[in-house]
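Chemist: Shown below is the structure under consideration.
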There are 2 protein chains.
Amino acid sequence: MAAKDPARQPLSRQRILDAALAMVDREGLEALSMRKLAGELHVEPMSLYRYADGKEGVFEGLVELVFAEAHAVLDADPEGESPSARGEIHRIGLALYRVAVSHPHILPLLTGRLITVPLARRPTSVLRLPERVLTRLRAEGVDDRTAVDTYRAFSAWVLGYVIVDMRAVVDEPDEDDPAYRYGLHQLHRDFPMLRELAPILAEGGAERQFLSGLDALLDGLGIP
Amino acid sequence: MAAKDPARQPLSRQRILDAALAMVDREGLEALSMRKLAGELHVEPMSLYRYADGKEGVFEGLVELVFAEAHAVLDADPEGESPSARGEIHRIGLALYRVAVSHPHILPLLTGRLITVPLARRPTSVLRLPERVLTRLRAEGVDDRTAVDTYRAFSAWVLGYVIVDMRAVVDEPDEDDPAYRYGLHQLHRDFPMLRELAPILAEGGAERQFLSGLDALLDGLGIP
DNA sequence: ATCGGTACATTTACGGCGTATACGTACACA
DNA sequence: TGTGTACGTATACGCCGTAAATGTACCGAT
């Protein structure tokens, strides 16, 4: 029916994923629907399927995109790889931390997919990460098993810290909601310690704490 | 139209949540729908709404349930609280670890909600956790700020480690899928380190590694 | 000039979903 | 006998993901 508008650029996987990421950053994961996504690109929903293998494919693309962002930062770093393995791990961890903080809504995607997707099915940009870390560790003379243990600890820490640190612990929503007021009241009554430390909790962590935890883990594993 | 069957027990929040958790454990989070849930309870979908404030309410209930499970383990422990703060934190961490491992599919729920739900809105069973840890730390003479930092590191580690450790890294899906075979091939070509260490990666972590990472973090924070 | 082929996008349709609203049914207690 | 209250149902709406069939425009070969 409607004739194709020749003025607009053609659709592409990249354009779709960019729009999707923007949408998720703006409105959250739940808000992403193929139909709205298509609408934003001024296209009919089914057009997306030529490039994106369904919604699952879009999700996969989002993960890919975010990891690629981290690698871009790492690859572009002027000082290049740090001299020590520890320095390099700091650099990688920090890059991941920052990327995750700038796309908080994709986190559930990561936690869901780590359980599900087998190694050989993960996007290249995701696989580059362990390759990078493991290679660096082994180059430093770390033995195989310790290298793997270190990578596991590294990724657990990065992921966990980002999740925990991601939100303000004490928001200020519509105070009129009775459920909220009740919750607050209960909080003060039944959880005195939580109430007392709430201001400190609310401050959130920071890169410094992220790094010192990482260091503690590396120390524990005997990484130089 | 259909007369009520007087033989069956009445619906309840508990019964709904139990069925929902069973369903999620069995088929994953995505598979949970109000309609199927109702079907399993031999009830019309809308009946659930009397007890569960919508699907979001069911999700919240699931989180609540899983945390309650952990607290049940902790409260029932015959030896009671451990003498040292560190021992107690081990005990709590291990309980959480085990509960999470036995309900892997709810993890995305946790990561999603931590970002979203303000403190005063969280279920009691969730709030008991920080209260427990913080209280113990302060009783040991740990200062406020360090206590908070420790709790943050603790929860990040538990959450992150569980997520990373949760799945086998190398599954054996339908090998005939060309995409999978290609992935495998690419894996061998572009990620030599990953390929070489894959067997070790596949072994997964264990409680021992979980605990030693936790210890490393506690050491780093100067917890006795 | 015409003819296929191919790359791109749309149209239509189906079944499932969450849930607002209105309605029944059974029982307690007056 | 009547009336409120607790519990469950019926109906309906709008949104969702996507399979299958259908255009539409442009290509190089005839």
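Labels used: A, B, ... for chains in the order of the structure tokens, numbers from 1 for residues in each chain, and numbers from 1 for ligands as shown.
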Chain A residues within 7 Å of chain B, counting only C-alpha atoms: which ones, as a PyMOL selection string?
Modeler: chain A and resi 107-108+111-112+114-115+118-121+131+134-135+145+148+156-157+159-161+163-164+166-167+169-171+180+183-184+187+191+193-194+200-201+213+216-217+220
Chemist: With C-alpha atoms retained, could you export that selection as an mmCIF file, in the first residue's frame?
Modeler:
data_model
loop_
_atom_site.group_PDB
_atom_site.id
_atom_site.type_symbol
_atom_site.label_atom_id
_atom_site.label_comp_id
_atom_site.auth_asym_id
_atom_site.auth_seq_id
_atom_site.Cartn_x
_atom_site.Cartn_y
_atom_site.Cartn_z
ATOM 1 C CA LEU A 107 21.744 -6.023 33.816
ATOM 2 C CA PRO A 108 18.881 -8.491 34.121
ATOM 3 C CA THR A 111 22.148 -12.413 34.620
ATOM 4 C CA GLY A 112 19.526 -14.239 32.628
ATOM 5 C CA LEU A 114 24.747 -16.202 31.715
ATOM 6 C CA ILE A 115 22.617 -19.026 32.965
ATOM 7 C CA PRO A 118 26.402 -21.864 26.110
ATOM 8 C CA LEU A 119 29.906 -20.579 25.548
ATOM 9 C CA ALA A 120 29.991 -21.242 21.828
ATOM 10 C CA ARG A 121 26.833 -19.256 21.296
ATOM 11 C CA GLU A 131 40.210 -14.277 26.588
ATOM 12 C CA LEU A 134 43.081 -15.129 30.983
ATOM 13 C CA THR A 135 45.782 -14.331 28.483
ATOM 14 C CA ARG A 145 43.751 -23.229 37.609
ATOM 15 C CA VAL A 148 40.470 -19.567 35.903
ATOM 16 C CA ALA A 156 31.606 -12.249 39.917
ATOM 17 C CA TRP A 157 32.878 -9.153 41.636
ATOM 18 C CA LEU A 159 28.815 -8.122 38.098
ATOM 19 C CA GLY A 160 27.803 -8.251 41.725
ATOM 20 C CA TYR A 161 29.218 -4.897 42.650
ATOM 21 C CA ILE A 163 24.220 -4.654 40.607
ATOM 22 C CA VAL A 164 24.427 -3.766 44.253
ATOM 23 C CA MET A 166 23.429 0.523 40.868
ATOM 24 C CA ARG A 167 20.550 2.054 42.660
ATOM 25 C CA VAL A 169 19.043 2.617 48.445
ATOM 26 C CA VAL A 170 16.700 5.259 49.676
ATOM 27 C CA ASP A 171 14.635 6.918 47.032
ATOM 28 C CA TYR A 180 5.258 3.185 51.283
ATOM 29 C CA GLY A 183 6.973 0.316 54.922
ATOM 30 C CA LEU A 184 8.887 3.261 56.265
ATOM 31 C CA LEU A 187 11.471 -0.070 58.778
ATOM 32 C CA PHE A 191 15.113 -2.693 61.660
ATOM 33 C CA MET A 193 20.323 -0.899 62.499
ATOM 34 C CA LEU A 194 19.099 -0.380 58.977
ATOM 35 C CA ILE A 200 25.518 5.830 54.889
ATOM 36 C CA LEU A 201 23.882 3.119 52.821
ATOM 37 C CA GLY A 213 37.396 -5.072 46.709
ATOM 38 C CA ALA A 216 41.380 -7.821 48.044
ATOM 39 C CA LEU A 217 40.248 -10.666 45.834
ATOM 40 C CA GLY A 220 43.664 -13.548 48.198
#
Chemist: Name the residues of stretch 48-188 of chain B that come out as helix (DSSP H, G or I) in a backbone DSSP run; write them as a VMD selection string.
Modeler: chain B and resid 48 to 52 54 to 76 85 to 102 104 to 116 119 to 121 124 to 139 144 to 165 178 to 188
Chemist: Within 9 Å of chain A, which residues of chain C come that close, and what is the closest atom pair and distance in Å for each? Count only C-alpha atoms (C1' of nucleotides) and give it as CSV.
Modeler:
residue,atom,partner,partner_atom,distance
C:DC8,C1',A:Ser47,CA,8.4
C:DA9,C1',A:Ser47,CA,5.9
C:DT10,C1',A:Glu44,CA,6.7
C:DT11,C1',A:Met1,CA,8.6
Chemist: Write the selection just made, keeping C-alpha atoms (C1' of nucleotides), as a PDB file, in the first residue's frame?
Modeler:
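Written out: selection.pdb:
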ATOM      1  C1'  DC C   8      13.670  -4.917   1.281  1.00  0.00           C
ATOM      2  C1'  DA C   9       9.465  -3.828   3.536  1.00  0.00           C
ATOM      3  C1'  DT C  10       4.416  -4.546   4.437  1.00  0.00           C
ATOM      4  C1'  DT C  11      -0.082  -6.860   5.255  1.00  0.00           C
TER       5       DT C  11
END
Chemist: Residues of chain D within 12 Å of chain A, counting only C-alpha atoms (C1' of nucleotides) - could you list those as a ChimeraX atom specification?
Modeler: /D:15-20,22-26
Chemist: Take atom CA of A:Val101 and atom CA of A:Val24 and report the distance between them in Å, one decimal.
Modeler: 13.5 Å
Chemist: Atom CA of B:Glu140 and atom CA of B:Asp75, how far apart in Å?
Modeler: 20.3 Å
Chemist: Compile the contact shell of C:DA22 as a list in words: residues with an atom at most 12 Å away, counting only C-alpha atoms (C1' of nucleotides), same-chain residues fewer than 3 positions apart removed.
Modeler: DT9, DA10, DT11 and DA12 of chain D
